[in-house]
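Have a look at the structure below, then the notes.
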Amino acid sequence: MTAKNRAIVYSEFGAAGVLHEAERDIVEPGPGEVRVRVVVSGVNPTDWKTRTGATAMAPVAAEGQVPNQDGAGVVDAVGAGVTGLAVGDRVWLVMAAYQRPGSGTAQEYTVVPADRAIPLPDGVGFEAGASLGVPAMTAHRALTVHEGAPARLAPGALAGRNVLVAGGAGAVGNAAIQLAVWAGATVAATVSSAEKAELARRAGAHHVVHYRDADAADRLRAALPDGVDVVVEVAAAHNAELNLAVLRSGGTIAVYANDSSGGPLDVDVRRHMVLNVRYQFVLLYTVPRPALAEGAAAVNAALAAGALRFGAEAGVPFHEFALADAAAAHAAVEGGAIGKVLIRISPRD
């Protein structure tokens with residue numbers, strides 16, 4: 001192909017201003033890879049944190065790095081040995097840029113391993129597809145790491161379980177609420193404002209509590225008198241005391257983040273021992289591949305059933321930017337934008 005690929009790249013770590021537009025070659029997929037024409041790119045906190053160098057796993061590549069792990073588009077070419085995907089298939093992408101500096105989704109065409117391109121169910125838009133990857137897959141993993149947990153969520157898989165989602169208005173929190181409700185759990189969410197409480201309710205949370213309220217633990221115990229089985233935790237250090245106050249014996253705290261003000265997590269060994277608490281840390285990039293496959297299958301099943309929804313009515317308002325405005329999109333996420341920040345790569349189709 002002689003056409004060029006419009007891409008956003010950065011050649012050094014730094015603030016959003018290091019992002020700039022460049023033309024790159026459109027490359028052919030190798031064995032086990034597919035090339036995707038990206039329609040929408042999703043921006044997550046992991047993307048700006050990697051861009052600043054805060055969580056980068058390697059130096060910036062000499063040829064520059066294309067940001068963004070998530071996206072959705074159409075398969076444009078298929079490499080040797082790929083099965084289950086064909087040219088023209090609509091797909092959503094997960095971990096596109098992991099250990100692949102040229103494969104981020106902030107570009108018109110990207111080449112990724114075939115297992116990072118998941119078929120997008122019929123009727124599901126590219127905006128929703130670009131919102132899945134990191135948030136939905138992280139949420140699925142956090143909901144399937146407790147003792148006796150199912151490998152794959154499905155209706156009834158969490159029946160009888162009580163789930164507490166910290167930060168219920170965030171992208172992972174929203175996905176965790178929706179997936180847990182779909183799987184049959186009773187779900188409570190903690191939030192920091194009335195606006196975020198409404199978003200958590202739209203996601204389907206049965207109980208919503210403001211974590212800053214002095215009686216937050218009392219309210220959660222009243223709502224879930226048998227205690228919490230699983231906490232999906234975004235601020236492990238900050239919420240440690242609240243979690244201990246509401247966990248059921250044998251409960252699990254699945255930690256996928258720690259807020260910037262949380263500091264170190266200090267564990268009161270005796271109190272955790274008494275409750276037989278399990279801490280399970282979750283980082284999507286190092287989740288075992290079989291678990292990722294189970295998560296993708298569950299996410300698609302929830303999408304197809306209409307149980308995993310996006311847009312303001314589902315508690316996930318969209319904020320759309322043009323490719324040329326990728327720096328502004330990153331700055332919006334870094335600034336704590338509520339909802340899902342998307343970059344439109346291709347015209348609507």
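So you can find residues: chains in the structure tokens are A, B, ... in the order shown, residues in each start at 1, and ligands are numbered from 1 in order.
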
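The list of residues with at least one atom within 9 Å of Asp229 (chain A), based on only C-alpha atoms and without residues fewer than 5 positions apart in the same chain, reads A:His146, A:Arg161, A:Asn162, A:Val163, A:Leu164, A:Leu247, A:Arg248, A:Ser249, A:Gly250, A:Gly251, A:Thr252, A:Ile253.
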
**Request:** Tell me which protein, DNA and RNA residues are within 12 Å of Arg116 (chain A), counting only C-alpha atoms, leaving out same-chain ones fewer than 5 positions away, and put them as number ranges by chain.
**Result:** A: 32-36, 69-72, 75, 85, 91-98, 100, 103-105, 110-111, 133-134, 137, 285, 289, 292-293, 296

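Minimum distance to Ser346 (chain A) across A:Val165, A:Val274, A:Val9, A:Val39 (counting only C-alpha atoms) occurs at A:Val39.
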
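With only C-alpha atoms taken into account, the protein and nucleic acid residues at most 12 Å from Arg24 (chain A) (excluding it and anything under 6 positions from it in its own chain) are Met1, Thr2, Ala3, Lys4, Asn5, Arg6, Ala7, Ile8, Val9, Glu63, Gly64, Gln65, Val66, Gly102, Ser103, Gln107, Glu108, Tyr109 and Thr110 of chain A.
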
Put those residues in a file: all heavy atoms, as a compact mmCIF listing (two decimals), in the first residue's frame.
# COMPACT_ATOMS: atom_id res chain seq x y z
N MET A 1 0.85 -1.19 0.00
CA MET A 1 0.00 0.00 0.00
C MET A 1 0.89 1.24 0.00
O MET A 1 1.89 1.30 0.71
CB MET A 1 -0.90 0.01 1.25
CG MET A 1 -1.83 -1.19 1.32
SD MET A 1 -2.87 -1.18 2.80
CE MET A 1 -3.98 0.17 2.43
N THR A 2 0.54 2.23 -0.82
CA THR A 2 1.34 3.46 -0.91
C THR A 2 0.80 4.57 -0.04
O THR A 2 1.50 5.55 0.22
CB THR A 2 1.40 3.94 -2.36
OG1 THR A 2 0.05 4.17 -2.84
CG2 THR A 2 2.07 2.90 -3.26
N ALA A 3 -0.43 4.45 0.42
CA ALA A 3 -1.01 5.49 1.25
C ALA A 3 -0.28 5.56 2.59
O ALA A 3 0.34 4.59 3.03
CB ALA A 3 -2.50 5.23 1.47
N LYS A 4 -0.36 6.72 3.22
CA LYS A 4 0.25 6.91 4.53
C LYS A 4 -0.80 6.82 5.63
O LYS A 4 -2.00 6.98 5.40
CB LYS A 4 0.97 8.26 4.59
CG LYS A 4 2.23 8.31 3.74
CD LYS A 4 3.32 7.41 4.31
CE LYS A 4 4.63 7.57 3.55
NZ LYS A 4 5.72 6.76 4.13
N ASN A 5 -0.31 6.58 6.81
CA ASN A 5 -1.16 6.36 7.98
C ASN A 5 -1.02 7.56 8.91
O ASN A 5 0.07 7.81 9.45
CB ASN A 5 -0.68 5.07 8.67
CG ASN A 5 -1.41 4.76 9.96
OD1 ASN A 5 -2.52 5.22 10.19
ND2 ASN A 5 -0.77 3.96 10.81
N ARG A 6 -2.09 8.31 9.11
CA ARG A 6 -2.06 9.42 10.07
C ARG A 6 -2.04 8.83 11.48
O ARG A 6 -2.87 8.00 11.83
CB ARG A 6 -3.29 10.33 9.91
CG ARG A 6 -3.31 11.17 8.67
CD ARG A 6 -4.60 11.95 8.60
NE ARG A 6 -4.73 12.90 9.71
CZ ARG A 6 -5.86 13.12 10.38
NH1 ARG A 6 -6.96 12.44 10.11
NH2 ARG A 6 -5.89 14.02 11.35
N ALA A 7 -1.10 9.30 12.27
CA ALA A 7 -0.95 8.75 13.62
C ALA A 7 -0.57 9.86 14.59
O ALA A 7 -0.01 10.89 14.21
CB ALA A 7 0.14 7.68 13.64
N ILE A 8 -0.89 9.64 15.85
CA ILE A 8 -0.42 10.47 16.95
C ILE A 8 0.76 9.74 17.59
O ILE A 8 0.65 8.55 17.89
CB ILE A 8 -1.53 10.74 17.98
CG1 ILE A 8 -2.70 11.46 17.32
CG2 ILE A 8 -0.98 11.52 19.16
CD1 ILE A 8 -2.36 12.83 16.74
N VAL A 9 1.85 10.44 17.81
CA VAL A 9 3.03 9.80 18.38
C VAL A 9 3.63 10.71 19.46
O VAL A 9 3.33 11.90 19.53
CB VAL A 9 4.10 9.50 17.31
CG1 VAL A 9 3.54 8.59 16.23
CG2 VAL A 9 4.63 10.79 16.70
N GLU A 63 11.69 5.09 17.46
CA GLU A 63 10.89 5.56 16.33
C GLU A 63 9.64 6.32 16.76
O GLU A 63 8.82 6.74 15.94
CB GLU A 63 10.48 4.37 15.44
CG GLU A 63 9.48 3.40 16.08
CD GLU A 63 10.13 2.32 16.94
OE1 GLU A 63 11.30 2.49 17.34
OE2 GLU A 63 9.45 1.31 17.21
N GLY A 64 9.48 6.52 18.08
CA GLY A 64 8.28 7.17 18.59
C GLY A 64 7.23 6.15 18.96
O GLY A 64 7.27 4.99 18.52
N GLN A 65 6.30 6.56 19.78
CA GLN A 65 5.31 5.65 20.33
C GLN A 65 3.91 6.16 20.02
O GLN A 65 3.64 7.35 20.14
CB GLN A 65 5.52 5.57 21.85
CG GLN A 65 5.03 4.29 22.47
CD GLN A 65 5.91 3.88 23.64
OE1 GLN A 65 7.14 3.90 23.56
NE2 GLN A 65 5.28 3.49 24.74
N VAL A 66 3.03 5.25 19.63
CA VAL A 66 1.63 5.59 19.37
C VAL A 66 0.83 5.22 20.62
O VAL A 66 0.86 4.07 21.05
CB VAL A 66 1.08 4.84 18.14
CG1 VAL A 66 -0.39 5.21 17.91
CG2 VAL A 66 1.91 5.14 16.90
N GLY A 102 4.40 0.73 18.24
CA GLY A 102 3.77 1.24 17.03
C GLY A 102 2.33 0.86 16.86
O GLY A 102 1.71 1.22 15.84
N SER A 103 1.74 0.16 17.84
CA SER A 103 0.41 -0.42 17.64
C SER A 103 -0.70 0.24 18.43
O SER A 103 -1.83 -0.26 18.46
CB SER A 103 0.44 -1.92 17.99
OG SER A 103 1.21 -2.64 17.06
N GLN A 107 -4.33 6.11 15.72
CA GLN A 107 -3.87 6.16 14.34
C GLN A 107 -4.92 5.52 13.44
O GLN A 107 -5.82 4.83 13.90
CB GLN A 107 -2.53 5.44 14.19
CG GLN A 107 -2.53 3.99 14.62
CD GLN A 107 -1.14 3.37 14.55
OE1 GLN A 107 -0.32 3.73 13.71
NE2 GLN A 107 -0.86 2.42 15.45
N GLU A 108 -4.77 5.75 12.14
CA GLU A 108 -5.79 5.26 11.20
C GLU A 108 -5.73 3.75 11.02
O GLU A 108 -6.77 3.11 10.83
CB GLU A 108 -5.60 5.95 9.86
CG GLU A 108 -5.95 7.43 9.90
CD GLU A 108 -5.71 8.12 8.58
OE1 GLU A 108 -4.63 7.90 7.97
OE2 GLU A 108 -6.59 8.89 8.14
N TYR A 109 -4.54 3.18 11.05
CA TYR A 109 -4.38 1.73 10.88
C TYR A 109 -3.41 1.21 11.94
O TYR A 109 -2.37 1.82 12.18
CB TYR A 109 -3.82 1.38 9.50
CG TYR A 109 -4.74 1.70 8.35
CD1 TYR A 109 -4.72 2.95 7.76
CD2 TYR A 109 -5.65 0.75 7.88
CE1 TYR A 109 -5.57 3.26 6.71
CE2 TYR A 109 -6.50 1.05 6.82
CZ TYR A 109 -6.46 2.31 6.25
OH TYR A 109 -7.31 2.61 5.20
N THR A 110 -3.75 0.09 12.56
CA THR A 110 -2.84 -0.52 13.51
C THR A 110 -2.76 -2.02 13.25
O THR A 110 -3.73 -2.64 12.79
CB THR A 110 -3.28 -0.26 14.96
OG1 THR A 110 -2.27 -0.74 15.85
CG2 THR A 110 -4.60 -0.94 15.31

Legend entry - Spatial neighbours of Ala237 (chain A), 7 Å, only C-alpha atoms, chain gap at least 3 places, as an MDAnalysis selection string: chainID A and resid 240 258 262:265

Using the chain letters and numbers from this document, which residues of region 27-115 of chain A does DSSP assign to helix (DSSP H, G or I), as a ChimeraX atom specification? /A:45-52,114-115

Of A:Ala301, A:Ala337, A:Ala169, A:Val255, the one nearest to Arg141 (chain A) when counting only C-alpha atoms is A:Val255

Name all residues at most 10 Å from Glu12 (chain A) (count only C-alpha atoms; drop same-chain ones fewer than 4 positions away) and give them as a PyMOL selection string. chain A and resi 18-19+51-53+59-62+64-65

note - CA of Ala142 (chain A) and CA of Phe310 (chain A) are separated by 19.9 Å

May I have the residues within 12 Å of Gly306 (chain A) as a PyMOL selection string, using only C-alpha atoms and disregarding those fewer than 2 positions away in the same chain?
chain A and resi 121-124+128+178-179+182+299-304+308-310+314

Would you mind exporting all heavy atoms of the selected residues as a tab-separated table (two decimals), in the first residue's frame?
chain	number	residue	atom	x	y	z
A	121	PRO	N	-19.98	-7.56	18.64
A	121	PRO	CA	-21.31	-8.09	18.33
A	121	PRO	C	-22.12	-7.16	17.44
A	121	PRO	O	-21.98	-5.94	17.49
A	121	PRO	CB	-21.96	-8.23	19.72
A	121	PRO	CG	-20.80	-8.40	20.65
A	121	PRO	CD	-19.72	-7.52	20.09
A	122	ASP	N	-22.99	-7.75	16.64
A	122	ASP	CA	-23.87	-6.98	15.77
A	122	ASP	C	-24.70	-6.00	16.58
A	122	ASP	O	-25.17	-6.33	17.68
A	122	ASP	CB	-24.82	-7.92	15.02
A	122	ASP	CG	-24.10	-8.79	13.99
A	122	ASP	OD1	-22.95	-8.45	13.62
A	122	ASP	OD2	-24.68	-9.82	13.58
A	123	GLY	N	-24.84	-4.81	16.06
A	123	GLY	CA	-25.67	-3.81	16.71
A	123	GLY	C	-24.95	-2.98	17.76
A	123	GLY	O	-25.51	-2.04	18.30
A	124	VAL	N	-23.70	-3.34	18.07
A	124	VAL	CA	-22.93	-2.58	19.05
A	124	VAL	C	-22.04	-1.59	18.30
A	124	VAL	O	-21.27	-1.99	17.42
A	124	VAL	CB	-22.06	-3.51	19.93
A	124	VAL	CG1	-21.23	-2.69	20.91
A	124	VAL	CG2	-22.95	-4.50	20.67
A	128	ALA	N	-19.01	2.22	21.66
A	128	ALA	CA	-19.04	1.24	22.76
A	128	ALA	C	-17.84	0.31	22.67
A	128	ALA	O	-17.21	-0.01	23.69
A	128	ALA	CB	-20.35	0.45	22.72
A	178	GLN	N	-22.23	-3.10	36.03
A	178	GLN	CA	-23.09	-3.72	35.01
A	178	GLN	C	-22.84	-5.22	34.90
A	178	GLN	O	-23.79	-6.01	34.82
A	178	GLN	CB	-22.86	-3.04	33.66
A	178	GLN	CG	-23.30	-1.58	33.61
A	178	GLN	CD	-23.49	-1.10	32.20
A	178	GLN	OE1	-24.35	-1.59	31.46
A	178	GLN	NE2	-22.69	-0.12	31.80
A	179	LEU	N	-21.57	-5.62	34.90
A	179	LEU	CA	-21.27	-7.05	34.78
A	179	LEU	C	-21.72	-7.82	36.02
A	179	LEU	O	-22.24	-8.94	35.91
A	179	LEU	CB	-19.77	-7.25	34.55
A	179	LEU	CG	-19.24	-6.83	33.18
A	179	LEU	CD1	-17.72	-6.88	33.15
A	179	LEU	CD2	-19.83	-7.70	32.07
A	182	TRP	N	-25.52	-8.17	35.94
A	182	TRP	CA	-25.85	-9.18	34.93
A	182	TRP	C	-25.60	-10.59	35.44
A	182	TRP	O	-26.37	-11.52	35.15
A	182	TRP	CB	-25.00	-8.90	33.68
A	182	TRP	CG	-25.07	-9.91	32.58
A	182	TRP	CD1	-26.17	-10.25	31.84
A	182	TRP	CD2	-23.99	-10.69	32.07
A	182	TRP	NE1	-25.84	-11.20	30.89
A	182	TRP	CE2	-24.50	-11.48	31.01
A	182	TRP	CE3	-22.64	-10.78	32.38
A	182	TRP	CZ2	-23.70	-12.36	30.28
A	182	TRP	CZ3	-21.84	-11.65	31.66
A	182	TRP	CH2	-22.37	-12.44	30.62
A	299	VAL	N	-17.62	-10.51	28.22
A	299	VAL	CA	-17.96	-9.15	27.83
A	299	VAL	C	-18.84	-9.16	26.57
A	299	VAL	O	-19.85	-8.46	26.49
A	299	VAL	CB	-16.68	-8.33	27.59
A	299	VAL	CG1	-16.98	-7.02	26.86
A	299	VAL	CG2	-16.01	-8.03	28.93
A	300	ASN	N	-18.48	-9.98	25.60
A	300	ASN	CA	-19.30	-10.05	24.38
A	300	ASN	C	-20.69	-10.61	24.66
A	300	ASN	O	-21.68	-10.17	24.07
A	300	ASN	CB	-18.60	-10.89	23.32
A	300	ASN	CG	-17.74	-10.04	22.40
A	300	ASN	OD1	-17.68	-8.82	22.55
A	300	ASN	ND2	-17.09	-10.67	21.44
A	301	ALA	N	-20.77	-11.58	25.56
A	301	ALA	CA	-22.09	-12.12	25.91
A	301	ALA	C	-22.96	-11.06	26.58
A	301	ALA	O	-24.15	-10.95	26.29
A	301	ALA	CB	-21.93	-13.34	26.82
A	302	ALA	N	-22.35	-10.28	27.47
A	302	ALA	CA	-23.10	-9.21	28.13
A	302	ALA	C	-23.52	-8.14	27.13
A	302	ALA	O	-24.63	-7.60	27.20
A	302	ALA	CB	-22.25	-8.59	29.25
A	303	LEU	N	-22.63	-7.81	26.19
A	303	LEU	CA	-22.98	-6.84	25.15
A	303	LEU	C	-24.15	-7.34	24.32
A	303	LEU	O	-25.12	-6.61	24.07
A	303	LEU	CB	-21.78	-6.62	24.23
A	303	LEU	CG	-20.64	-5.72	24.70
A	303	LEU	CD1	-19.46	-5.85	23.75
A	303	LEU	CD2	-21.10	-4.27	24.78
A	304	ALA	N	-24.06	-8.59	23.88
A	304	ALA	CA	-25.10	-9.15	23.03
A	304	ALA	C	-26.45	-9.21	23.74
A	304	ALA	O	-27.51	-9.08	23.11
A	304	ALA	CB	-24.69	-10.55	22.55
A	308	LEU	N	-24.54	-4.82	29.03
A	308	LEU	CA	-23.39	-3.93	29.15
A	308	LEU	C	-23.62	-2.80	28.16
A	308	LEU	O	-23.54	-2.99	26.94
A	308	LEU	CB	-22.10	-4.68	28.85
A	308	LEU	CG	-20.78	-3.94	29.06
A	308	LEU	CD1	-20.67	-3.40	30.48
A	308	LEU	CD2	-19.59	-4.84	28.75
A	309	ARG	N	-23.95	-1.64	28.70
A	309	ARG	CA	-24.41	-0.51	27.87
A	309	ARG	C	-23.48	0.68	28.04
A	309	ARG	O	-22.73	0.76	29.02
A	309	ARG	CB	-25.82	-0.12	28.28
A	309	ARG	CG	-26.84	-1.26	28.21
A	309	ARG	CD	-28.09	-0.94	29.01
A	309	ARG	NE	-27.79	-0.84	30.44
A	309	ARG	CZ	-27.97	0.25	31.18
A	309	ARG	NH1	-28.46	1.36	30.63
A	309	ARG	NH2	-27.67	0.26	32.47
A	310	PHE	N	-23.57	1.60	27.09
A	310	PHE	CA	-22.73	2.80	27.14
A	310	PHE	C	-23.55	4.01	26.74
A	310	PHE	O	-24.63	3.90	26.18
A	310	PHE	CB	-21.51	2.64	26.22
A	310	PHE	CG	-20.57	1.57	26.68
A	310	PHE	CD1	-20.73	0.25	26.26
A	310	PHE	CD2	-19.55	1.86	27.57
A	310	PHE	CE1	-19.88	-0.74	26.70
A	310	PHE	CE2	-18.69	0.86	28.03
A	310	PHE	CZ	-18.86	-0.43	27.59
A	314	ALA	N	-26.53	5.05	30.45
A	314	ALA	CA	-25.95	3.92	31.16
A	314	ALA	C	-24.89	4.37	32.16
A	314	ALA	O	-24.18	3.55	32.73
A	314	ALA	CB	-25.33	2.94	30.17

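As for CA of Ala171 (chain A) and CA of Ala214 (chain A), they are spaced 25.8 Å apart.
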
Counting only C-alpha atoms, the residue among A:Glu313, A:Val341, A:Gly14, A:Val277 that lies closest to Ala56 (chain A) is A:Gly14

Could you give me the residues within region 155-306 of chain A that DSSP places in strand (DSSP E or B), as a PyMOL selection string? chain A and resi 162-166+186-191+207-210+228-233+247-255+278-281

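Nearest to Ala328 (chain A) of all the residues A:Ala312, A:Asp25, A:Trp48, A:Ala217 is A:Trp48, based on only C-alpha atoms.
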
If you count only C-alpha atoms, the residue of A:His319, A:Ala298, A:Ile345, A:Val333 closest to Pro150 (chain A) turns out to be A:Ala298

Exercise for review: Please provide as JSON, numbers by chain all residues within 10 Å of region 188-199 of chain A, with the sequence filter that same-chain residues fewer than 6 positions apart are discarded (counting only C-alpha atoms).
Suggested key: {"A": [162, 163, 164, 165, 166, 167, 168, 169, 170, 173, 174, 176, 177, 205, 206, 207, 208, 209, 210, 211, 212, 213, 216, 220, 223, 224, 228, 231, 232, 312, 313, 314, 315, 316, 317, 338, 339]}

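Each of A:Ala77, A:Val267, A:Val87, A:Ala130 was compared to Gly42 (chain A) using only C-alpha atoms, and A:Ala130 turns out to be the nearest.
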